[in-house]
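Structure file my_file17.cif (mmCIF, C-alpha atoms) is printed below.
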```
data_work
#
loop_
_atom_site.label_atom_id
_atom_site.label_comp_id
_atom_site.auth_asym_id
_atom_site.auth_seq_id
_atom_site.Cartn_x
_atom_site.Cartn_y
_atom_site.Cartn_z
CA MET D 1 0.00 0.00 0.00
CA SER D 2 1.46 3.41 -0.98
CA ARG D 3 1.59 6.33 1.40
CA LEU D 4 0.74 9.73 -0.12
CA LEU D 5 1.25 13.28 0.99
CA VAL D 6 -1.38 15.69 -0.35
CA THR D 7 -0.42 19.33 0.10
CA GLY D 8 -3.48 21.55 0.23
CA GLY D 9 -5.48 18.43 1.07
CA ALA D 10 -8.10 20.30 3.10
CA GLY D 11 -9.15 22.37 0.10
CA PHE D 12 -12.03 21.37 -2.13
CA ILE D 13 -9.87 19.69 -4.77
CA GLY D 14 -7.49 18.25 -2.18
CA ALA D 15 -10.26 16.73 -0.08
CA GLN D 16 -11.73 14.99 -3.12
CA VAL D 17 -8.29 13.69 -4.05
CA CYS D 18 -7.92 12.34 -0.50
CA ALA D 19 -11.32 10.63 -0.68
CA THR D 20 -10.55 9.09 -4.07
CA ALA D 21 -7.09 7.96 -2.97
CA ILE D 22 -8.38 6.34 0.23
CA ALA D 23 -11.06 4.51 -1.75
CA ALA D 24 -8.26 3.22 -4.02
CA GLY D 25 -6.33 1.84 -1.04
CA TYR D 26 -3.77 4.58 -0.38
CA THR D 27 -2.79 5.84 3.06
CA VAL D 28 -3.00 9.64 3.05
CA ARG D 29 -1.24 12.41 4.95
CA VAL D 30 -2.35 16.02 4.43
CA LEU D 31 -0.30 19.19 4.79
CA ASP D 32 -2.47 22.30 4.87
CA ASP D 33 -2.23 25.68 6.59
CA LEU D 34 -6.05 25.91 6.74
CA SER D 35 -5.97 29.45 5.36
CA THR D 36 -8.67 28.49 2.84
CA GLY D 37 -9.02 24.75 3.40
CA LEU D 38 -11.27 23.40 6.14
CA ARG D 39 -10.88 20.58 8.65
CA SER D 40 -14.52 19.75 7.99
CA ASN D 41 -13.65 18.85 4.38
CA LEU D 42 -11.76 15.82 5.73
CA GLU D 43 -14.45 14.61 8.12
CA GLY D 44 -15.48 11.04 7.50
CA LEU D 45 -12.32 10.13 5.58
CA PRO D 46 -10.77 7.15 7.39
CA GLY D 47 -7.12 7.18 8.39
CA ILE D 48 -6.34 10.76 7.35
CA GLU D 49 -3.31 12.29 9.05
CA LEU D 50 -3.56 16.09 9.06
CA LEU D 51 -0.43 18.20 9.55
CA VAL D 52 -1.23 21.90 9.94
CA GLY D 53 1.68 23.76 8.39
CA ASP D 54 2.85 26.14 5.68
CA ILE D 55 4.68 25.13 2.50
CA ARG D 56 6.59 28.41 2.71
CA GLU D 57 8.59 26.78 5.52
CA LEU D 58 11.12 24.22 4.28
CA ALA D 59 11.34 22.45 7.63
CA CYS D 60 7.58 21.92 7.57
CA CYS D 61 7.80 20.36 4.10
CA GLU D 62 10.70 18.14 5.13
CA HIS D 63 8.70 16.84 8.08
CA ALA D 64 5.64 16.23 5.90
CA VAL D 65 7.43 14.15 3.24
CA ARG D 66 9.02 11.71 5.68
CA ASP D 67 8.13 8.09 4.88
CA VAL D 68 5.86 8.88 1.93
CA ASP D 69 6.12 7.22 -1.47
CA ALA D 70 4.65 10.04 -3.55
CA VAL D 71 3.41 13.61 -3.23
CA ILE D 72 0.38 15.30 -4.78
CA HIS D 73 1.15 19.01 -4.58
CA LEU D 74 -2.03 21.09 -4.65
CA ALA D 75 -1.27 23.75 -2.03
CA ALA D 76 -1.36 27.20 -3.61
CA ARG D 77 -2.65 30.71 -3.24
CA GLY D 78 -5.41 30.71 -5.83
CA SER D 79 -7.40 33.35 -7.71
CA VAL D 80 -6.34 35.77 -10.44
CA PRO D 81 -8.02 38.79 -8.73
CA ARG D 82 -6.36 37.96 -5.39
CA SER D 83 -2.98 37.79 -7.12
CA ILE D 84 -3.54 41.24 -8.60
CA ASP D 85 -4.41 42.60 -5.16
CA ASP D 86 -1.38 40.98 -3.49
CA PRO D 87 1.16 39.64 -6.00
CA GLN D 88 3.92 39.22 -3.43
CA ALA D 89 1.89 36.78 -1.35
CA THR D 90 0.96 34.80 -4.45
CA MET D 91 4.59 34.48 -5.51
CA ARG D 92 5.80 33.52 -2.04
CA THR D 93 3.33 30.67 -1.76
CA ASN D 94 3.15 29.40 -5.32
CA VAL D 95 6.81 29.74 -6.30
CA MET D 96 8.84 29.53 -3.08
CA GLY D 97 6.33 27.12 -1.54
CA THR D 98 6.62 24.82 -4.54
CA THR D 99 10.41 25.10 -4.38
CA ASN D 100 10.28 23.96 -0.76
CA VAL D 101 7.99 21.02 -1.55
CA LEU D 102 10.16 19.83 -4.44
CA ASP D 103 13.40 20.29 -2.53
CA ALA D 104 12.01 18.34 0.42
CA CYS D 105 11.04 15.59 -2.03
CA ARG D 106 14.54 15.63 -3.53
CA ARG D 107 16.15 15.23 -0.12
CA ALA D 108 13.75 12.49 0.94
CA GLY D 109 13.96 10.51 -2.33
CA VAL D 110 10.23 10.71 -3.05
CA ARG D 111 9.38 8.57 -6.08
CA ARG D 112 6.94 10.83 -7.95
CA VAL D 113 5.38 14.26 -7.52
CA VAL D 114 2.11 15.19 -9.22
CA GLN D 115 1.87 18.98 -9.26
CA SER D 116 -1.14 21.11 -10.13
CA SER D 117 -0.75 23.99 -12.54
CA SER D 118 -3.38 26.11 -14.26
CA SER D 119 -4.90 26.79 -17.67
CA SER D 120 -4.28 30.48 -16.91
CA ILE D 121 -0.65 30.08 -18.03
CA TYR D 122 -1.82 29.97 -21.67
CA GLY D 123 -3.15 33.53 -21.52
CA VAL D 124 -4.31 34.96 -24.84
CA VAL D 125 -1.77 33.39 -27.17
CA PRO D 126 -3.53 32.53 -30.48
CA GLY D 127 -4.76 29.00 -31.01
CA LEU D 128 -7.57 26.96 -29.49
CA PRO D 129 -7.83 24.41 -28.05
CA ARG D 130 -4.81 24.93 -25.78
CA ARG D 131 -2.01 22.43 -26.37
CA GLU D 132 0.76 21.71 -23.90
CA GLN D 133 3.40 22.61 -26.49
CA GLN D 134 2.05 26.15 -26.99
CA ARG D 135 4.07 29.12 -25.82
CA PRO D 136 2.72 30.28 -22.44
CA ASP D 137 1.41 33.82 -22.16
CA PRO D 138 0.68 34.53 -18.46
CA ARG D 139 -1.51 37.63 -17.98
CA SER D 140 -1.70 37.81 -14.17
CA PRO D 141 0.61 37.29 -11.20
CA TYR D 142 -1.27 34.05 -10.48
CA ALA D 143 -0.63 32.71 -13.99
CA ALA D 144 3.02 33.79 -13.80
CA SER D 145 3.42 32.05 -10.44
CA LYS D 146 2.03 28.77 -11.77
CA LEU D 147 4.27 28.92 -14.84
CA ALA D 148 7.27 29.68 -12.61
CA ALA D 149 6.39 26.64 -10.49
CA GLU D 150 6.43 24.51 -13.65
CA HIS D 151 9.94 25.82 -14.38
CA VAL D 152 11.03 24.98 -10.84
CA ALA D 153 9.85 21.41 -11.44
CA GLN D 154 11.75 21.31 -14.73
CA ALA D 155 14.95 22.49 -13.03
CA TRP D 156 14.63 20.03 -10.12
CA HIS D 157 14.19 17.24 -12.63
CA ALA D 158 17.14 18.36 -14.77
CA CYS D 159 19.51 18.78 -11.82
CA TRP D 160 18.43 16.01 -9.46
CA GLY D 161 16.07 13.74 -11.37
CA VAL D 162 12.98 14.58 -9.32
CA GLU D 163 10.11 12.98 -11.25
CA VAL D 164 7.31 15.52 -11.65
CA VAL D 165 4.05 15.26 -13.58
CA THR D 166 2.46 18.70 -13.95
CA LEU D 167 -1.28 18.83 -14.59
CA ARG D 168 -2.75 22.01 -16.02
CA LEU D 169 -6.23 22.17 -14.50
CA PHE D 170 -9.11 23.96 -16.24
CA ASN D 171 -11.83 25.58 -14.10
CA VAL D 172 -12.49 22.89 -11.54
CA TYR D 173 -15.81 23.01 -9.66
CA GLY D 174 -17.81 20.81 -7.34
CA PRO D 175 -18.82 20.10 -3.74
CA ARG D 176 -16.74 21.73 -0.96
CA GLN D 177 -15.84 24.72 -3.17
CA ARG D 178 -16.39 27.80 -1.07
CA SER D 179 -18.64 30.72 -2.02
CA ASP D 180 -17.96 32.83 1.11
CA SER D 181 -15.07 34.90 -0.25
CA SER D 182 -14.68 37.95 -2.46
CA TYR D 183 -12.29 35.76 -4.48
CA ALA D 184 -14.66 32.81 -4.85
CA ALA D 185 -14.92 31.10 -8.23
CA VAL D 186 -17.85 31.65 -10.56
CA VAL D 187 -19.70 28.33 -10.06
CA PRO D 188 -20.15 28.57 -6.26
CA LEU D 189 -20.89 32.29 -6.53
CA PHE D 190 -23.64 31.70 -9.10
CA ILE D 191 -25.10 28.83 -7.07
CA ALA D 192 -25.08 30.81 -3.82
CA ALA D 193 -26.77 33.77 -5.52
CA ALA D 194 -29.46 31.58 -7.12
CA LEU D 195 -30.22 29.74 -3.87
CA SER D 196 -30.43 33.06 -2.00
CA GLY D 197 -32.61 34.76 -4.61
CA ARG D 198 -29.95 37.39 -5.39
CA PRO D 199 -28.64 38.57 -8.76
CA ALA D 200 -25.17 37.30 -9.56
CA GLU D 201 -22.43 39.50 -10.95
CA LEU D 202 -21.57 38.78 -14.57
CA HIS D 203 -18.17 40.30 -15.29
CA GLY D 204 -17.78 41.54 -18.84
CA GLY D 205 -21.27 40.32 -19.70
CA GLY D 206 -20.26 36.67 -19.30
CA GLU D 207 -18.70 36.46 -22.75
CA GLN D 208 -15.83 34.34 -21.41
CA SER D 209 -15.96 30.61 -22.14
CA ARG D 210 -14.49 27.94 -19.90
CA ALA D 211 -13.99 24.16 -19.79
CA PHE D 212 -15.73 23.59 -16.46
CA THR D 213 -14.44 20.30 -15.04
CA TYR D 214 -16.02 18.35 -12.19
CA VAL D 215 -13.81 17.78 -9.17
CA GLU D 216 -14.33 13.99 -9.00
CA ASP D 217 -13.10 13.67 -12.58
CA VAL D 218 -10.06 15.81 -11.73
CA ALA D 219 -9.25 13.63 -8.72
CA GLU D 220 -9.34 10.54 -10.93
CA GLY D 221 -7.01 12.26 -13.39
CA ILE D 222 -4.56 13.17 -10.63
CA LEU D 223 -4.43 9.58 -9.40
CA ALA D 224 -4.00 8.37 -12.97
CA ALA D 225 -0.96 10.65 -13.26
CA LEU D 226 0.39 9.17 -10.04
CA ARG D 227 0.07 5.58 -11.30
CA SER D 228 0.59 5.75 -15.04
CA PRO D 229 3.75 4.08 -16.36
CA ARG D 230 3.36 5.96 -19.64
CA VAL D 231 4.13 9.46 -18.38
CA GLY D 232 7.66 10.81 -18.67
CA GLU D 233 9.66 12.19 -15.79
CA ASN D 234 8.93 15.87 -16.51
CA GLU D 235 5.51 15.81 -18.13
CA ARG D 236 2.89 18.56 -18.64
CA ILE D 237 -0.70 17.44 -19.29
CA ASN D 238 -4.02 19.30 -19.61
CA LEU D 239 -6.93 18.11 -17.45
CA ALA D 240 -10.27 19.50 -18.58
CA HIS D 241 -13.74 18.67 -19.78
CA GLU D 242 -13.93 18.52 -23.56
CA ALA D 243 -16.92 20.87 -23.70
CA CYS D 244 -16.60 24.65 -23.29
CA GLU D 245 -19.40 26.80 -21.86
CA PRO D 246 -19.85 30.59 -22.03
CA VAL D 247 -20.15 32.02 -18.53
CA ARG D 248 -23.47 33.71 -19.37
CA GLU D 249 -24.89 30.31 -20.36
CA LEU D 250 -23.50 28.76 -17.19
CA HIS D 251 -25.44 31.38 -15.24
CA ALA D 252 -28.66 30.51 -17.08
CA ARG D 253 -28.04 26.78 -16.66
CA ILE D 254 -27.57 27.12 -12.89
CA GLY D 255 -30.73 29.23 -12.64
CA ALA D 256 -32.72 26.56 -14.49
CA LEU D 257 -31.37 23.77 -12.26
CA VAL D 258 -32.18 25.75 -9.11
CA GLY D 259 -35.56 26.77 -10.53
CA VAL D 260 -35.13 30.56 -10.58
CA ASP D 261 -34.80 33.19 -13.30
CA ILE D 262 -32.95 36.17 -11.82
CA PRO D 263 -31.28 38.52 -14.32
CA PRO D 264 -27.60 38.99 -13.52
CA ARG D 265 -25.93 42.29 -12.71
CA ILE D 266 -23.52 43.12 -15.54
CA THR D 267 -20.19 44.52 -14.37
CA ALA D 268 -16.92 45.46 -16.04
CA ALA D 269 -14.51 42.78 -17.16
CA ARG D 270 -11.78 42.01 -14.63
CA ARG D 271 -8.08 42.60 -15.14
CA GLY D 272 -6.25 39.39 -15.96
CA ASP D 273 -9.33 37.61 -17.30
CA VAL D 274 -8.86 35.44 -20.40
CA LEU D 275 -11.73 35.41 -22.90
CA SER D 276 -11.60 31.77 -24.03
CA SER D 277 -10.06 28.64 -22.57
CA SER D 278 -10.44 25.15 -24.00
CA ALA D 279 -8.06 22.20 -23.87
CA ASP D 280 -6.58 19.71 -26.25
CA LEU D 281 -6.86 16.41 -24.35
CA GLU D 282 -4.86 14.01 -26.51
CA ARG D 283 -2.05 13.72 -23.97
CA ALA D 284 -4.49 13.07 -21.12
CA ARG D 285 -6.13 10.29 -23.13
CA THR D 286 -2.87 8.76 -24.36
CA LEU D 287 -0.66 9.06 -21.28
CA LEU D 288 -3.25 8.78 -18.50
CA GLY D 289 -6.15 6.95 -20.13
CA TRP D 290 -8.31 9.77 -18.77
CA THR D 291 -11.32 11.69 -20.00
CA ALA D 292 -13.81 13.67 -17.92
CA GLN D 293 -16.90 11.51 -17.38
CA THR D 294 -19.30 13.95 -15.69
CA SER D 295 -21.58 16.13 -17.78
CA LEU D 296 -21.94 19.77 -16.78
CA ASP D 297 -25.60 19.31 -15.79
CA ALA D 298 -24.79 16.28 -13.63
CA GLY D 299 -21.85 18.01 -11.96
CA LEU D 300 -23.81 21.19 -11.34
CA ALA D 301 -26.75 19.23 -9.91
CA ALA D 302 -24.45 17.48 -7.41
CA THR D 303 -22.80 20.77 -6.51
CA ILE D 304 -26.14 22.54 -6.05
CA ALA D 305 -27.31 19.71 -3.79
CA TRP D 306 -24.18 20.11 -1.65
CA HIS D 307 -24.74 23.88 -1.34
CA ARG D 308 -28.43 23.38 -0.49
CA GLU D 309 -27.55 20.96 2.28
CA ARG D 310 -24.86 23.29 3.64
CA MET D 311 -27.20 26.31 3.64
CA SER D 312 -29.89 24.33 5.49
CA ARG D 313 -27.65 23.62 8.50
#
```
Is it possible to express this structure as structure tokens?
Amino acid sequence: MSRLLVTGGAGFIGAQVCATAIAAGYTVRVLDDLSTGLRSNLEGLPGIELLVGDIRELACCEHAVRDVDAVIHLAARGSVPRSIDDPQATMRTNVMGTTNVLDACRRAGVRRVVQSSSSSIYGVVPGLPRREQQRPDPRSPYAASKLAAEHVAQAWHACWGVEVVTLRLFNVYGPRQRSDSSYAAVVPLFIAAALSGRPAELHGGGEQSRAFTYVEDVAEGILAALRSPRVGENERINLAHEACEPVRELHARIGALVGVDIPPRITAARRGDVLSSSADLERARTLLGWTAQTSLDAGLAATIAWHRERMSR
């Protein structure tokens, strides 16, 4: 049985990865500073070991990687708008934090690291769908920090042979994703507004399109990257749903599923926003044997049910 460390494991993606890994027979340790993750996200998951600590501290990372076979590195300071408000904090966590995680893995001889990156690194460079070989074009401090973390992984592999699989995630949503923040993502914000009978904000008129990808599918893709013998030792792979949805249509779809029709409040487009984002998935299919299985309606229905239950407490 393999022992995993999941950094950021108390976040909404991390907690689903933990649940999926435990169901697959792994023993799981979590490192999380609980700045955005929640202890409650891990409730009911058998055998979880939670270490409360910060990836910006090397000693903390070195303690966390002891006696683990592999690391799934999800801990990050998320959100494009938050990175614009405080770029220094984003860089410290996402770049130096990743450096600490990878260096701790190097010193401990960890077999494989699966690291999360972001579709935001592609920016507005011409050419859709986004292919891993395209030139990155980061348009925000967050995107730049995730691209820099990829380069750290490349350097640690080149110098010391640390085996890293980097997954570029596209607009993940699902249960446990928080709506109670000014930096919350669009799906939980739209759901919370619909359930509360409030108009949602539609930045830039909702003309942006996104490959919204259900969190359970993403967790399966992350574990596939951990296990697959076909991936190289410094691999970059897109993880996304094959379908792309305009944000304005997402808003209408959520309203229909909730059973309300509340016109949105149109606001200005946000700095750092990318208009279109879709993924070429050939590498995910070939190297991981992975495709997203959950339709947008099914994923949204499950997410709405989770938010309803949470609001009724």
Please provide the set of residues having any atom within 12 Å of Ile304 in chain D, restricted to all atoms listed in the file, with same-chain residues fewer than 2 positions apart removed, written as a PyMOL selection string. chain D and resi 173-177+179+187-195+253-259+296-302+306-311
Any idea what's packed within 10 Å of Trp160 in chain D, counting all atoms listed in the file, ignoring anything in its chain fewer than 5 positions away? Could you give it as a list of chain:residue names?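 Non-adjacent residues within range: D:Asp103, D:Arg106, D:Arg107, D:Ala155.
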Those residues with C-alpha atoms, as a compact mmCIF listing (two decimals), keeping the file's coordinate frame please?
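Full text of out.txt as output:
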```txt
# COMPACT_ATOMS: atom_id res chain seq x y z
CA ASP D 103 13.40 20.29 -2.53
CA ARG D 106 14.54 15.63 -3.53
CA ARG D 107 16.15 15.23 -0.12
CA ALA D 155 14.95 22.49 -13.03
```
Can you give me, as a PyMOL selection string, the residues this file yields under the PyMOL selection byres ((chain D and resi 19-34) around 8)? chain D and resi 1-10+15-18+35-39+45-54+64+75+216+219-220+223
Using CA of Ala200 in chain D and CA of Ser145 in chain D as the two end points, give the distance in Å to one decimal.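 Distance between the two atoms: 29.1 Å.
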Give the answer as one residue: which of D:Arg82, D:His241, D:Arg227, D:Arg198 has the shortest atom-to-atom distance to Tyr214 in chain D, using all atoms listed in the file?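 Of D:Arg82, D:His241, D:Arg227, D:Arg198, the one nearest Tyr214 in chain D, counting all atoms listed in the file, is D:His241.
In terms of minimum interatomic distance to Asn41 in chain D, D:Arg178 ranks closest within D:Thr294, D:Gly127, D:Arg77, D:Arg178, counting all atoms listed in the file.
Among the candidates D:Glu235, D:Glu163, D:Glu207, D:Glu43, the one nearest to Leu288 in chain D when counting all atoms listed in the file is D:Glu235.
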Interatomic distance, CA of Gln293 in chain D to CA of Glu249 in chain D (Å, one decimal):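 According to the coordinates, CA of Gln293 in chain D and CA of Glu249 in chain D are separated by 20.6 Å.
Here the PyMOL selection byres ((chain D and resi 154) around 10) captures the residues Ala148, Ala149, Glu150, His151, Val152, Ala153, Ala155, Trp156, His157, Ala158, Cys159, Gly161, Val162, Glu163, Val164, Val165, Thr166, Glu233, Asn234 and Glu235 of chain D.
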Would you put the residues from that selection into a file with C-alpha atoms, as an mmCIF file, in the coordinates of the input?
```
data_model
loop_
_atom_site.group_PDB
_atom_site.id
_atom_site.type_symbol
_atom_site.label_atom_id
_atom_site.label_comp_id
_atom_site.auth_asym_id
_atom_site.auth_seq_id
_atom_site.Cartn_x
_atom_site.Cartn_y
_atom_site.Cartn_z
ATOM 1 C CA ALA D 148 7.270 29.680 -12.610
ATOM 2 C CA ALA D 149 6.390 26.640 -10.490
ATOM 3 C CA GLU D 150 6.430 24.510 -13.650
ATOM 4 C CA HIS D 151 9.940 25.820 -14.380
ATOM 5 C CA VAL D 152 11.030 24.980 -10.840
ATOM 6 C CA ALA D 153 9.850 21.410 -11.440
ATOM 7 C CA ALA D 155 14.950 22.490 -13.030
ATOM 8 C CA TRP D 156 14.630 20.030 -10.120
ATOM 9 C CA HIS D 157 14.190 17.240 -12.630
ATOM 10 C CA ALA D 158 17.140 18.360 -14.770
ATOM 11 C CA CYS D 159 19.510 18.780 -11.820
ATOM 12 C CA GLY D 161 16.070 13.740 -11.370
ATOM 13 C CA VAL D 162 12.980 14.580 -9.320
ATOM 14 C CA GLU D 163 10.110 12.980 -11.250
ATOM 15 C CA VAL D 164 7.310 15.520 -11.650
ATOM 16 C CA VAL D 165 4.050 15.260 -13.580
ATOM 17 C CA THR D 166 2.460 18.700 -13.950
ATOM 18 C CA GLU D 233 9.660 12.190 -15.790
ATOM 19 C CA ASN D 234 8.930 15.870 -16.510
ATOM 20 C CA GLU D 235 5.510 15.810 -18.130
#
```
Would you kindly identify which residues have an atom no farther than 10 Å from (-9.9, 17.1, -21.5), using only C-alpha atoms and the file's own coordinates, and write them out as a list in words?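 In the file's frame, the residues around the point are Leu169, Phe170, Ala211, Thr213, Val218, Gly221, Ile237, Asn238, Leu239, Ala240, His241, Glu242, Ala243, Ser278, Ala279, Asp280, Leu281, Glu282, Arg283, Ala284, Arg285, Trp290, Thr291, Ala292 and Gln293 of chain D.
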Surrounding residues of range 245-247 of chain D excluding itself and chain neighbours under 4 positions, 6 Å, all atoms listed in the file, as a PyMOL selection string: chain D and resi 206+208-210
Same residues, C-alpha atoms, output as an mmCIF file, in the coordinates of the input:
```cif
data_model
loop_
_atom_site.group_PDB
_atom_site.id
_atom_site.type_symbol
_atom_site.label_atom_id
_atom_site.label_comp_id
_atom_site.auth_asym_id
_atom_site.auth_seq_id
_atom_site.Cartn_x
_atom_site.Cartn_y
_atom_site.Cartn_z
ATOM 1 C CA GLY D 206 -20.260 36.670 -19.300
ATOM 2 C CA GLN D 208 -15.830 34.340 -21.410
ATOM 3 C CA SER D 209 -15.960 30.610 -22.140
ATOM 4 C CA ARG D 210 -14.490 27.940 -19.900
#
```
Calculate how many Å separate CA of Pro264 in chain D from CA of Ser182 in chain D, rounding to one decimal.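 Calculated distance between CA of Pro264 in chain D and CA of Ser182 in chain D is 17.0 Å.
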